[in-house]
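Printed here is coords.txt (compact mmCIF, N, CA and C atoms and all ligand atoms):
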# COMPACT_ATOMS: atom_id res chain seq x y z
N MET A 101 0.85 -1.17 0.00
CA MET A 101 0.00 0.00 0.00
C MET A 101 0.90 1.23 0.00
N SER A 102 0.59 2.18 -0.85
CA SER A 102 1.40 3.39 -0.85
C SER A 102 1.07 4.19 0.40
N ARG A 103 2.01 5.00 0.84
CA ARG A 103 1.80 5.77 2.06
C ARG A 103 0.62 6.72 1.92
N GLU A 104 0.40 7.19 0.71
CA GLU A 104 -0.70 8.12 0.49
C GLU A 104 -2.06 7.46 0.72
N LEU A 105 -2.12 6.15 0.52
CA LEU A 105 -3.39 5.44 0.68
C LEU A 105 -3.52 4.80 2.04
N GLY A 106 -2.51 4.91 2.86
CA GLY A 106 -2.57 4.36 4.20
C GLY A 106 -1.32 3.58 4.50
N GLU A 107 -1.18 3.21 5.76
CA GLU A 107 0.03 2.52 6.17
C GLU A 107 -0.33 1.54 7.27
N THR A 108 0.42 0.44 7.33
CA THR A 108 0.21 -0.55 8.37
C THR A 108 1.45 -0.54 9.25
N LEU A 109 1.25 -0.38 10.53
CA LEU A 109 2.36 -0.36 11.47
C LEU A 109 2.30 -1.60 12.33
N HIS A 110 3.44 -2.26 12.54
CA HIS A 110 3.52 -3.46 13.36
C HIS A 110 4.44 -3.19 14.53
N VAL A 111 3.96 -3.46 15.70
CA VAL A 111 4.79 -3.39 16.90
C VAL A 111 4.52 -4.68 17.67
N ARG A 112 5.50 -5.55 17.65
CA ARG A 112 5.37 -6.90 18.22
C ARG A 112 4.10 -7.55 17.70
N ASP A 113 3.16 -7.87 18.56
CA ASP A 113 1.96 -8.56 18.10
C ASP A 113 0.79 -7.62 17.86
N ARG A 114 1.07 -6.34 17.81
CA ARG A 114 0.00 -5.36 17.59
C ARG A 114 0.12 -4.78 16.18
N VAL A 115 -1.03 -4.51 15.59
CA VAL A 115 -1.06 -3.91 14.25
C VAL A 115 -1.93 -2.66 14.32
N ALA A 116 -1.47 -1.60 13.71
CA ALA A 116 -2.26 -0.38 13.63
C ALA A 116 -2.35 0.03 12.16
N TYR A 117 -3.53 0.44 11.76
CA TYR A 117 -3.74 0.93 10.40
C TYR A 117 -3.83 2.44 10.47
N VAL A 118 -2.96 3.10 9.72
CA VAL A 118 -2.99 4.55 9.64
C VAL A 118 -3.65 4.88 8.31
N LEU A 119 -4.82 5.47 8.41
CA LEU A 119 -5.62 5.70 7.21
C LEU A 119 -5.75 7.19 6.95
N PRO A 120 -5.70 7.57 5.67
CA PRO A 120 -5.86 9.00 5.36
C PRO A 120 -7.31 9.42 5.57
N ASP A 121 -7.49 10.69 5.91
CA ASP A 121 -8.84 11.25 5.90
C ASP A 121 -9.33 11.31 4.47
N VAL A 122 -10.62 11.38 4.30
CA VAL A 122 -11.18 11.55 2.96
C VAL A 122 -11.01 13.03 2.60
N PRO A 123 -10.20 13.34 1.58
CA PRO A 123 -9.98 14.76 1.23
C PRO A 123 -11.21 15.34 0.55
N HIS A 124 -11.80 16.33 1.17
CA HIS A 124 -13.05 16.87 0.65
C HIS A 124 -12.89 17.63 -0.66
N ASP A 125 -11.65 18.05 -0.96
CA ASP A 125 -11.42 18.78 -2.21
C ASP A 125 -11.00 17.85 -3.35
N ALA A 126 -11.02 16.55 -3.10
CA ALA A 126 -10.61 15.58 -4.12
C ALA A 126 -11.78 15.24 -5.04
N PRO A 127 -11.46 14.70 -6.22
CA PRO A 127 -12.52 14.24 -7.12
C PRO A 127 -13.29 13.08 -6.48
N ALA A 128 -14.49 12.86 -6.97
CA ALA A 128 -15.36 11.83 -6.41
C ALA A 128 -14.69 10.45 -6.38
N ALA A 129 -13.93 10.11 -7.43
CA ALA A 129 -13.30 8.78 -7.49
C ALA A 129 -12.30 8.59 -6.35
N VAL A 130 -11.58 9.65 -6.02
CA VAL A 130 -10.60 9.57 -4.92
C VAL A 130 -11.33 9.48 -3.58
N ARG A 131 -12.31 10.34 -3.40
CA ARG A 131 -13.07 10.32 -2.13
C ARG A 131 -13.71 8.96 -1.90
N GLU A 132 -14.34 8.44 -2.93
CA GLU A 132 -15.04 7.17 -2.79
C GLU A 132 -14.06 6.02 -2.53
N GLY A 133 -12.95 6.03 -3.26
CA GLY A 133 -11.96 4.96 -3.07
C GLY A 133 -11.38 4.95 -1.67
N ILE A 134 -11.03 6.13 -1.17
CA ILE A 134 -10.47 6.21 0.19
C ILE A 134 -11.53 5.85 1.22
N ALA A 135 -12.75 6.33 1.02
CA ALA A 135 -13.82 6.00 1.98
C ALA A 135 -14.05 4.49 2.03
N ARG A 136 -14.04 3.84 0.89
CA ARG A 136 -14.25 2.39 0.86
C ARG A 136 -13.10 1.65 1.54
N ARG A 137 -11.88 2.12 1.33
CA ARG A 137 -10.73 1.47 2.00
C ARG A 137 -10.82 1.65 3.51
N ARG A 138 -11.30 2.79 3.94
CA ARG A 138 -11.47 3.00 5.38
C ARG A 138 -12.53 2.05 5.94
N ILE A 139 -13.56 1.82 5.18
CA ILE A 139 -14.62 0.91 5.64
C ILE A 139 -14.06 -0.49 5.85
N THR A 140 -13.33 -1.00 4.87
CA THR A 140 -12.82 -2.37 5.00
C THR A 140 -11.73 -2.47 6.06
N ALA A 141 -10.90 -1.42 6.19
CA ALA A 141 -9.81 -1.47 7.17
C ALA A 141 -10.33 -1.43 8.60
N THR A 142 -11.54 -0.95 8.78
CA THR A 142 -12.09 -0.88 10.12
C THR A 142 -13.11 -1.99 10.37
N GLY A 143 -13.08 -3.02 9.52
CA GLY A 143 -13.89 -4.21 9.76
C GLY A 143 -15.22 -4.25 9.05
N GLY A 144 -15.50 -3.25 8.25
CA GLY A 144 -16.77 -3.22 7.55
C GLY A 144 -16.68 -3.87 6.17
N GLN A 145 -17.78 -3.83 5.47
CA GLN A 145 -17.86 -4.42 4.14
C GLN A 145 -17.98 -3.32 3.10
N CYS A 146 -17.12 -3.37 2.09
CA CYS A 146 -17.17 -2.43 0.99
C CYS A 146 -18.47 -2.64 0.20
N PRO A 147 -19.02 -1.60 -0.40
CA PRO A 147 -20.21 -1.79 -1.23
C PRO A 147 -20.01 -2.83 -2.34
N CYS A 148 -18.77 -3.10 -2.75
CA CYS A 148 -18.51 -4.13 -3.76
C CYS A 148 -18.54 -5.54 -3.15
N GLY A 149 -18.62 -5.61 -1.83
CA GLY A 149 -18.67 -6.91 -1.16
C GLY A 149 -17.38 -7.31 -0.46
N ALA A 150 -16.31 -6.57 -0.70
CA ALA A 150 -15.01 -6.95 -0.12
C ALA A 150 -14.98 -6.72 1.39
N ARG A 151 -14.31 -7.61 2.05
CA ARG A 151 -14.05 -7.49 3.49
C ARG A 151 -12.59 -7.82 3.73
N MET A 152 -12.06 -7.29 4.80
CA MET A 152 -10.70 -7.64 5.18
C MET A 152 -10.73 -9.00 5.87
N ARG A 153 -9.88 -9.88 5.41
CA ARG A 153 -9.78 -11.19 6.07
C ARG A 153 -8.76 -11.07 7.18
N ARG A 154 -9.22 -11.35 8.38
CA ARG A 154 -8.28 -11.29 9.51
C ARG A 154 -7.33 -12.47 9.43
N PRO A 155 -6.05 -12.25 9.68
CA PRO A 155 -5.10 -13.37 9.68
C PRO A 155 -5.48 -14.39 10.75
N SER A 156 -5.29 -15.65 10.42
CA SER A 156 -5.60 -16.71 11.39
C SER A 156 -4.58 -16.68 12.52
N ARG A 157 -4.90 -17.39 13.57
CA ARG A 157 -3.97 -17.48 14.70
C ARG A 157 -2.64 -18.08 14.23
N ALA A 158 -2.71 -19.10 13.37
CA ALA A 158 -1.48 -19.74 12.86
C ALA A 158 -0.65 -18.74 12.06
N GLU A 159 -1.32 -17.94 11.25
CA GLU A 159 -0.59 -16.92 10.46
C GLU A 159 0.04 -15.88 11.37
N ARG A 160 -0.68 -15.48 12.40
CA ARG A 160 -0.13 -14.48 13.33
C ARG A 160 1.08 -15.05 14.07
N ARG A 161 0.95 -16.31 14.51
CA ARG A 161 2.07 -16.94 15.24
C ARG A 161 3.29 -17.09 14.33
N GLN A 162 3.04 -17.51 13.10
CA GLN A 162 4.15 -17.67 12.14
C GLN A 162 4.87 -16.34 11.94
N ALA A 163 4.12 -15.27 11.76
CA ALA A 163 4.72 -13.95 11.56
C ALA A 163 5.51 -13.53 12.79
N GLN A 164 4.96 -13.85 13.96
CA GLN A 164 5.64 -13.48 15.20
C GLN A 164 6.95 -14.27 15.35
N ARG A 165 6.90 -15.57 15.02
CA ARG A 165 8.10 -16.42 15.13
C ARG A 165 9.20 -15.97 14.17
N THR A 166 8.80 -15.66 12.96
CA THR A 166 9.79 -15.37 11.92
C THR A 166 10.12 -13.88 11.82
N GLY A 167 9.34 -13.05 12.51
CA GLY A 167 9.56 -11.61 12.40
C GLY A 167 9.04 -11.07 11.08
N GLY A 168 8.28 -11.89 10.38
CA GLY A 168 7.74 -11.46 9.09
C GLY A 168 6.50 -10.61 9.25
N GLN A 169 6.11 -9.99 8.18
CA GLN A 169 4.92 -9.16 8.19
C GLN A 169 3.70 -9.99 7.83
N LEU A 170 2.60 -9.64 8.43
CA LEU A 170 1.34 -10.24 8.04
C LEU A 170 0.83 -9.48 6.81
N VAL A 171 0.39 -10.22 5.85
CA VAL A 171 -0.19 -9.59 4.67
C VAL A 171 -1.70 -9.74 4.76
N VAL A 172 -2.37 -8.62 4.80
CA VAL A 172 -3.82 -8.63 4.89
C VAL A 172 -4.37 -8.36 3.50
N ASP A 173 -5.18 -9.27 3.05
CA ASP A 173 -5.67 -9.21 1.69
C ASP A 173 -7.13 -8.77 1.67
N VAL A 174 -7.42 -7.74 0.90
CA VAL A 174 -8.80 -7.31 0.67
C VAL A 174 -9.01 -7.35 -0.83
N ARG A 175 -9.94 -8.17 -1.27
CA ARG A 175 -10.16 -8.32 -2.70
C ARG A 175 -11.43 -7.58 -3.14
N HIS A 176 -11.19 -6.35 -3.60
CA HIS A 176 -12.30 -5.57 -4.13
C HIS A 176 -12.63 -6.06 -5.53
N GLU A 177 -13.85 -5.86 -5.95
CA GLU A 177 -14.23 -6.17 -7.33
C GLU A 177 -13.42 -5.27 -8.27
N SER A 178 -13.17 -5.75 -9.48
CA SER A 178 -12.28 -5.03 -10.39
C SER A 178 -12.75 -3.62 -10.72
N ASP A 179 -14.07 -3.37 -10.64
CA ASP A 179 -14.57 -2.03 -10.97
C ASP A 179 -14.76 -1.15 -9.73
N CYS A 180 -14.29 -1.61 -8.59
CA CYS A 180 -14.44 -0.84 -7.34
C CYS A 180 -13.38 0.28 -7.31
N PRO A 181 -13.77 1.50 -6.92
CA PRO A 181 -12.80 2.59 -6.86
C PRO A 181 -11.75 2.42 -5.77
N ALA A 182 -11.90 1.42 -4.90
CA ALA A 182 -10.90 1.18 -3.84
C ALA A 182 -9.77 0.28 -4.29
N VAL A 183 -9.84 -0.29 -5.49
CA VAL A 183 -8.75 -1.13 -6.00
C VAL A 183 -7.48 -0.27 -6.03
N THR A 184 -6.39 -0.81 -5.52
CA THR A 184 -5.16 -0.03 -5.36
C THR A 184 -4.74 0.67 -6.65
N ALA A 185 -4.70 -0.06 -7.75
CA ALA A 185 -4.24 0.54 -9.01
C ALA A 185 -5.20 1.65 -9.47
N THR A 186 -6.48 1.43 -9.31
CA THR A 186 -7.48 2.43 -9.71
C THR A 186 -7.38 3.67 -8.86
N LEU A 187 -7.28 3.48 -7.54
CA LEU A 187 -7.22 4.61 -6.63
C LEU A 187 -5.90 5.37 -6.79
N THR A 188 -4.82 4.63 -6.96
CA THR A 188 -3.52 5.27 -7.15
C THR A 188 -3.53 6.14 -8.41
N ALA A 189 -4.11 5.63 -9.49
CA ALA A 189 -4.19 6.40 -10.73
C ALA A 189 -5.06 7.64 -10.54
N ALA A 190 -6.16 7.51 -9.81
CA ALA A 190 -7.05 8.66 -9.57
C ALA A 190 -6.34 9.71 -8.74
N VAL A 191 -5.57 9.28 -7.73
CA VAL A 191 -4.83 10.23 -6.89
C VAL A 191 -3.78 10.95 -7.73
N ARG A 192 -3.08 10.20 -8.58
CA ARG A 192 -2.04 10.82 -9.42
C ARG A 192 -2.64 11.85 -10.36
N MET A 193 -3.78 11.51 -10.95
CA MET A 193 -4.44 12.43 -11.88
C MET A 193 -4.88 13.70 -11.13
N TRP A 194 -5.41 13.51 -9.93
CA TRP A 194 -5.83 14.65 -9.11
C TRP A 194 -4.63 15.53 -8.77
N ARG A 195 -3.55 14.90 -8.33
CA ARG A 195 -2.35 15.65 -7.95
C ARG A 195 -1.74 16.39 -9.15
N ALA A 196 -1.95 15.83 -10.34
CA ALA A 196 -1.42 16.47 -11.55
C ALA A 196 -2.33 17.59 -12.05
N GLY A 197 -3.45 17.78 -11.35
CA GLY A 197 -4.33 18.88 -11.71
C GLY A 197 -5.56 18.49 -12.49
N GLY A 198 -5.79 17.19 -12.63
CA GLY A 198 -6.98 16.75 -13.35
C GLY A 198 -7.88 15.93 -12.46
N GLY A 199 -8.75 15.18 -13.08
CA GLY A 199 -9.57 14.23 -12.35
C GLY A 199 -10.83 14.76 -11.73
N ARG A 200 -11.26 15.90 -12.14
CA ARG A 200 -12.52 16.42 -11.60
C ARG A 200 -13.69 15.81 -12.29
ZN ZN B 1 -14.61 -2.49 -2.89
Take the structure in the file and give it back as structure tokens.
Ligand SMILES: [Zn+2]
Amino acid sequence: MSRELGETLHVRDRVAYVLPDVPHDAPAAVREGIARRRITATGGQCPCGARMRRPSRAERRQAQRTGGQLVVDVRHESDCPAVTATLTAAVRMWRAGGGR
């Protein structure tokens, strides 16, 4: 995940999600994509049906033993504005002065 779209912080067995606010001056595609990512990151269901799958106990233990990172997978539908590639492109277009 790019820092602009949020960040995951790991401290021992604790995980924190740092999520951007929804920028009110952004184009609708950016606002909607960020809002949907916030919904799934906080345990809700995206309008496309995607949910964050919590890592299993075995996955958490494995990560703790090996010092590896847990990868949390959220599978949005391909036409969802929260898809990383779609949202990243919308943010870039907005930052470049377009995307309204
Ligand atoms: Zn979605």
Looking at only C-alpha atoms and all ligand atoms, which of A:Cys146, A:Val191, A:Ala129, A:Leu170 is the one that sits closest to ligand ZN 1 (chain B)?
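The answer is A:Cys146, which sits nearest to ligand ZN 1 (chain B).
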Between A:Ala126, A:Cys148, A:Ile139, A:Leu119, single out the one closest to A:Trp194, counting all atoms listed in the file.
A:Ala126
Shell of 8 Å around A:Ala141, only C-alpha atoms, local chain residues under 4 positions omitted, as a PyMOL selection string:
chain A and resi 117+137+152
The centre and edge lengths of an axis-aligned box containing all atoms of stretch 121-136 of chain A present in the file, extended by 5 Å on each side, are to be given in Å to one decimal, as AutoDock Vina command-line options.
--center_x -11.4 --center_y 10.2 --center_z -0.8 --size_x 17.9 --size_y 27.1 --size_z 23.4
Hey, can you check how far atom CA of A:Arg131 sits from atom CA of A:Arg153?
23.3 Å
Pairwise distance for atom C of A:Arg151 and atom CA of A:Asp179, rounded to one decimal in Å
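Distance between the two atoms: 15.9 Å.
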As a quick test: using only C-alpha atoms and all ligand atoms, which residues lie no more than 7 Å away from ligand ZN 1 (chain B)? Give them as a PDB file with N, CA and C atoms, keeping the file's coordinate frame.
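Result file selection33.pdb:
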ATOM      1  N   ARG A 136     -14.040   3.840   0.890  1.00  0.00           N
ATOM      2  CA  ARG A 136     -14.250   2.390   0.860  1.00  0.00           C
ATOM      3  C   ARG A 136     -13.100   1.650   1.540  1.00  0.00           C
ATOM      4  N   CYS A 146     -17.120  -3.370   2.090  1.00  0.00           N
ATOM      5  CA  CYS A 146     -17.170  -2.430   0.990  1.00  0.00           C
ATOM      6  C   CYS A 146     -18.470  -2.640   0.200  1.00  0.00           C
ATOM      7  N   PRO A 147     -19.020  -1.600  -0.400  1.00  0.00           N
ATOM      8  CA  PRO A 147     -20.210  -1.790  -1.230  1.00  0.00           C
ATOM      9  C   PRO A 147     -20.010  -2.830  -2.340  1.00  0.00           C
ATOM     10  N   CYS A 148     -18.770  -3.100  -2.750  1.00  0.00           N
ATOM     11  CA  CYS A 148     -18.510  -4.130  -3.760  1.00  0.00           C
ATOM     12  C   CYS A 148     -18.540  -5.540  -3.150  1.00  0.00           C
ATOM     13  N   GLY A 149     -18.620  -5.610  -1.830  1.00  0.00           N
ATOM     14  CA  GLY A 149     -18.670  -6.910  -1.160  1.00  0.00           C
ATOM     15  C   GLY A 149     -17.380  -7.310  -0.460  1.00  0.00           C
ATOM     16  N   ALA A 150     -16.310  -6.570  -0.700  1.00  0.00           N
ATOM     17  CA  ALA A 150     -15.010  -6.950  -0.120  1.00  0.00           C
ATOM     18  C   ALA A 150     -14.980  -6.720   1.390  1.00  0.00           C
ATOM     19  N   HIS A 176     -11.190  -6.350  -3.600  1.00  0.00           N
ATOM     20  CA  HIS A 176     -12.300  -5.570  -4.130  1.00  0.00           C
ATOM     21  C   HIS A 176     -12.630  -6.060  -5.530  1.00  0.00           C
ATOM     22  N   GLU A 177     -13.850  -5.860  -5.950  1.00  0.00           N
ATOM     23  CA  GLU A 177     -14.230  -6.170  -7.330  1.00  0.00           C
ATOM     24  C   GLU A 177     -13.420  -5.270  -8.270  1.00  0.00           C
ATOM     25  N   CYS A 180     -14.290  -1.610  -8.590  1.00  0.00           N
ATOM     26  CA  CYS A 180     -14.440  -0.840  -7.340  1.00  0.00           C
ATOM     27  C   CYS A 180     -13.380   0.280  -7.310  1.00  0.00           C
ATOM     28  N   PRO A 181     -13.770   1.500  -6.920  1.00  0.00           N
ATOM     29  CA  PRO A 181     -12.800   2.590  -6.860  1.00  0.00           C
ATOM     30  C   PRO A 181     -11.750   2.420  -5.770  1.00  0.00           C
ATOM     31  N   ALA A 182     -11.900   1.420  -4.900  1.00  0.00           N
ATOM     32  CA  ALA A 182     -10.900   1.180  -3.840  1.00  0.00           C
ATOM     33  C   ALA A 182      -9.770   0.280  -4.290  1.00  0.00           C
ATOM     34  N   VAL A 183      -9.840  -0.290  -5.490  1.00  0.00           N
ATOM     35  CA  VAL A 183      -8.750  -1.130  -6.000  1.00  0.00           C
ATOM     36  C   VAL A 183      -7.480  -0.270  -6.030  1.00  0.00           C
TER      37      VAL A 183
END
Out of chain A, which residues get strand (DSSP E or B) from DSSP, as a ChimeraX atom specification?
/A:107-111,114-118
Between atom N of A:Val171 and atom CA of A:Asp121, what distance in Å does the model show, to one decimal?
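Separation of atom N of A:Val171 and atom CA of A:Asp121: 23.4 Å.
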Residues within 8 Å of (-8.2, 10.6, -4.4), file coordinates, counting all atoms listed in the file: what are they? Give the list as a PyMOL selection string.
chain A and resi 122-123+125-134+187-195
Running DSSP on the backbone, which parts of chain A land in alpha helix (DSSP H), as JSON, numbers by chain?
{"A": [128, 129, 130, 131, 132, 133, 134, 135, 136, 137, 138, 139, 140, 141, 157, 158, 159, 160, 161, 162, 163, 164, 165, 166, 184, 185, 186, 187, 188, 189, 190, 191, 192, 193, 194, 195]}
Could you please fill out stretch 147-158 of chain A with all heavy atoms and send it back as a PDB file, in the coordinates of the input?
ATOM      1  N   PRO A 147     -19.020  -1.600  -0.400  1.00  0.00           N
ATOM      2  CA  PRO A 147     -20.210  -1.790  -1.230  1.00  0.00           C
ATOM      3  C   PRO A 147     -20.010  -2.830  -2.340  1.00  0.00           C
ATOM      4  O   PRO A 147     -20.975  -3.424  -2.821  1.00  0.00           O
ATOM      5  CB  PRO A 147     -20.457  -0.402  -1.822  1.00  0.00           C
ATOM      6  CG  PRO A 147     -19.910   0.526  -0.782  1.00  0.00           C
ATOM      7  CD  PRO A 147     -18.702  -0.183  -0.234  1.00  0.00           C
ATOM      8  N   CYS A 148     -18.770  -3.100  -2.750  1.00  0.00           N
ATOM      9  CA  CYS A 148     -18.510  -4.130  -3.760  1.00  0.00           C
ATOM     10  C   CYS A 148     -18.540  -5.540  -3.150  1.00  0.00           C
ATOM     11  O   CYS A 148     -18.463  -6.529  -3.864  1.00  0.00           O
ATOM     12  CB  CYS A 148     -17.181  -3.900  -4.478  1.00  0.00           C
ATOM     13  SG  CYS A 148     -15.723  -4.451  -3.579  1.00  0.00           S
ATOM     14  N   GLY A 149     -18.620  -5.610  -1.830  1.00  0.00           N
ATOM     15  CA  GLY A 149     -18.670  -6.910  -1.160  1.00  0.00           C
ATOM     16  C   GLY A 149     -17.380  -7.310  -0.460  1.00  0.00           C
ATOM     17  O   GLY A 149     -17.361  -8.286   0.291  1.00  0.00           O
ATOM     18  N   ALA A 150     -16.310  -6.570  -0.700  1.00  0.00           N
ATOM     19  CA  ALA A 150     -15.010  -6.950  -0.120  1.00  0.00           C
ATOM     20  C   ALA A 150     -14.980  -6.720   1.390  1.00  0.00           C
ATOM     21  O   ALA A 150     -15.579  -5.782   1.901  1.00  0.00           O
ATOM     22  CB  ALA A 150     -13.899  -6.123  -0.770  1.00  0.00           C
ATOM     23  N   ARG A 151     -14.310  -7.610   2.050  1.00  0.00           N
ATOM     24  CA  ARG A 151     -14.050  -7.490   3.490  1.00  0.00           C
ATOM     25  C   ARG A 151     -12.590  -7.820   3.730  1.00  0.00           C
ATOM     26  O   ARG A 151     -11.983  -8.546   2.958  1.00  0.00           O
ATOM     27  CB  ARG A 151     -14.871  -8.516   4.288  1.00  0.00           C
ATOM     28  CG  ARG A 151     -16.311  -8.191   4.419  1.00  0.00           C
ATOM     29  CD  ARG A 151     -16.959  -9.196   5.373  1.00  0.00           C
ATOM     30  NE  ARG A 151     -18.298  -8.802   5.710  1.00  0.00           N
ATOM     31  CZ  ARG A 151     -18.590  -7.973   6.709  1.00  0.00           C
ATOM     32  NH1 ARG A 151     -17.653  -7.502   7.485  1.00  0.00           N
ATOM     33  NH2 ARG A 151     -19.841  -7.637   6.941  1.00  0.00           N
ATOM     34  N   MET A 152     -12.060  -7.290   4.800  1.00  0.00           N
ATOM     35  CA  MET A 152     -10.700  -7.640   5.180  1.00  0.00           C
ATOM     36  C   MET A 152     -10.730  -9.000   5.870  1.00  0.00           C
ATOM     37  O   MET A 152     -11.534  -9.219   6.767  1.00  0.00           O
ATOM     38  CB  MET A 152     -10.116  -6.599   6.128  1.00  0.00           C
ATOM     39  CG  MET A 152      -8.710  -6.944   6.580  1.00  0.00           C
ATOM     40  SD  MET A 152      -8.078  -5.782   7.810  1.00  0.00           S
ATOM     41  CE  MET A 152      -7.876  -4.321   6.797  1.00  0.00           C
ATOM     42  N   ARG A 153      -9.880  -9.880   5.410  1.00  0.00           N
ATOM     43  CA  ARG A 153      -9.780 -11.190   6.070  1.00  0.00           C
ATOM     44  C   ARG A 153      -8.760 -11.070   7.180  1.00  0.00           C
ATOM     45  O   ARG A 153      -7.626 -10.702   6.958  1.00  0.00           O
ATOM     46  CB  ARG A 153      -9.327 -12.263   5.073  1.00  0.00           C
ATOM     47  CG  ARG A 153      -9.280 -13.665   5.663  1.00  0.00           C
ATOM     48  CD  ARG A 153      -8.714 -14.663   4.689  1.00  0.00           C
ATOM     49  NE  ARG A 153      -7.308 -14.425   4.375  1.00  0.00           N
ATOM     50  CZ  ARG A 153      -6.288 -14.835   5.143  1.00  0.00           C
ATOM     51  NH1 ARG A 153      -6.506 -15.486   6.258  1.00  0.00           N
ATOM     52  NH2 ARG A 153      -5.050 -14.583   4.783  1.00  0.00           N
ATOM     53  N   ARG A 154      -9.220 -11.350   8.380  1.00  0.00           N
ATOM     54  CA  ARG A 154      -8.280 -11.290   9.510  1.00  0.00           C
ATOM     55  C   ARG A 154      -7.330 -12.470   9.430  1.00  0.00           C
ATOM     56  O   ARG A 154      -7.758 -13.590   9.143  1.00  0.00           O
ATOM     57  CB  ARG A 154      -9.041 -11.349  10.837  1.00  0.00           C
ATOM     58  CG  ARG A 154      -9.827 -10.084  11.127  1.00  0.00           C
ATOM     59  CD  ARG A 154     -10.556 -10.216  12.452  1.00  0.00           C
ATOM     60  NE  ARG A 154      -9.701 -10.689  13.519  1.00  0.00           N
ATOM     61  CZ  ARG A 154      -9.026  -9.915  14.356  1.00  0.00           C
ATOM     62  NH1 ARG A 154      -9.126  -8.623  14.231  1.00  0.00           N
ATOM     63  NH2 ARG A 154      -8.265 -10.416  15.299  1.00  0.00           N
ATOM     64  N   PRO A 155      -6.050 -12.250   9.680  1.00  0.00           N
ATOM     65  CA  PRO A 155      -5.100 -13.370   9.680  1.00  0.00           C
ATOM     66  C   PRO A 155      -5.480 -14.390  10.750  1.00  0.00           C
ATOM     67  O   PRO A 155      -5.943 -14.025  11.822  1.00  0.00           O
ATOM     68  CB  PRO A 155      -3.763 -12.702  10.015  1.00  0.00           C
ATOM     69  CG  PRO A 155      -3.969 -11.251   9.780  1.00  0.00           C
ATOM     70  CD  PRO A 155      -5.415 -10.970   9.967  1.00  0.00           C
ATOM     71  N   SER A 156      -5.290 -15.650  10.420  1.00  0.00           N
ATOM     72  CA  SER A 156      -5.600 -16.710  11.390  1.00  0.00           C
ATOM     73  C   SER A 156      -4.580 -16.680  12.520  1.00  0.00           C
ATOM     74  O   SER A 156      -3.517 -16.062  12.410  1.00  0.00           O
ATOM     75  CB  SER A 156      -5.571 -18.068  10.691  1.00  0.00           C
ATOM     76  OG  SER A 156      -4.240 -18.377  10.325  1.00  0.00           O
ATOM     77  N   ARG A 157      -4.900 -17.390  13.570  1.00  0.00           N
ATOM     78  CA  ARG A 157      -3.970 -17.480  14.700  1.00  0.00           C
ATOM     79  C   ARG A 157      -2.640 -18.080  14.230  1.00  0.00           C
ATOM     80  O   ARG A 157      -1.572 -17.619  14.619  1.00  0.00           O
ATOM     81  CB  ARG A 157      -4.602 -18.343  15.794  1.00  0.00           C
ATOM     82  CG  ARG A 157      -3.678 -18.582  16.948  1.00  0.00           C
ATOM     83  CD  ARG A 157      -4.366 -19.403  17.988  1.00  0.00           C
ATOM     84  NE  ARG A 157      -4.528 -18.547  19.152  1.00  0.00           N
ATOM     85  CZ  ARG A 157      -5.078 -18.921  20.258  1.00  0.00           C
ATOM     86  NH1 ARG A 157      -5.611 -20.112  20.369  1.00  0.00           N
ATOM     87  NH2 ARG A 157      -5.151 -18.112  21.278  1.00  0.00           N
ATOM     88  N   ALA A 158      -2.710 -19.100  13.370  1.00  0.00           N
ATOM     89  CA  ALA A 158      -1.480 -19.740  12.860  1.00  0.00           C
ATOM     90  C   ALA A 158      -0.650 -18.740  12.060  1.00  0.00           C
ATOM     91  O   ALA A 158       0.573 -18.703  12.187  1.00  0.00           O
ATOM     92  CB  ALA A 158      -1.847 -20.947  11.997  1.00  0.00           C
TER      93      ALA A 158
END
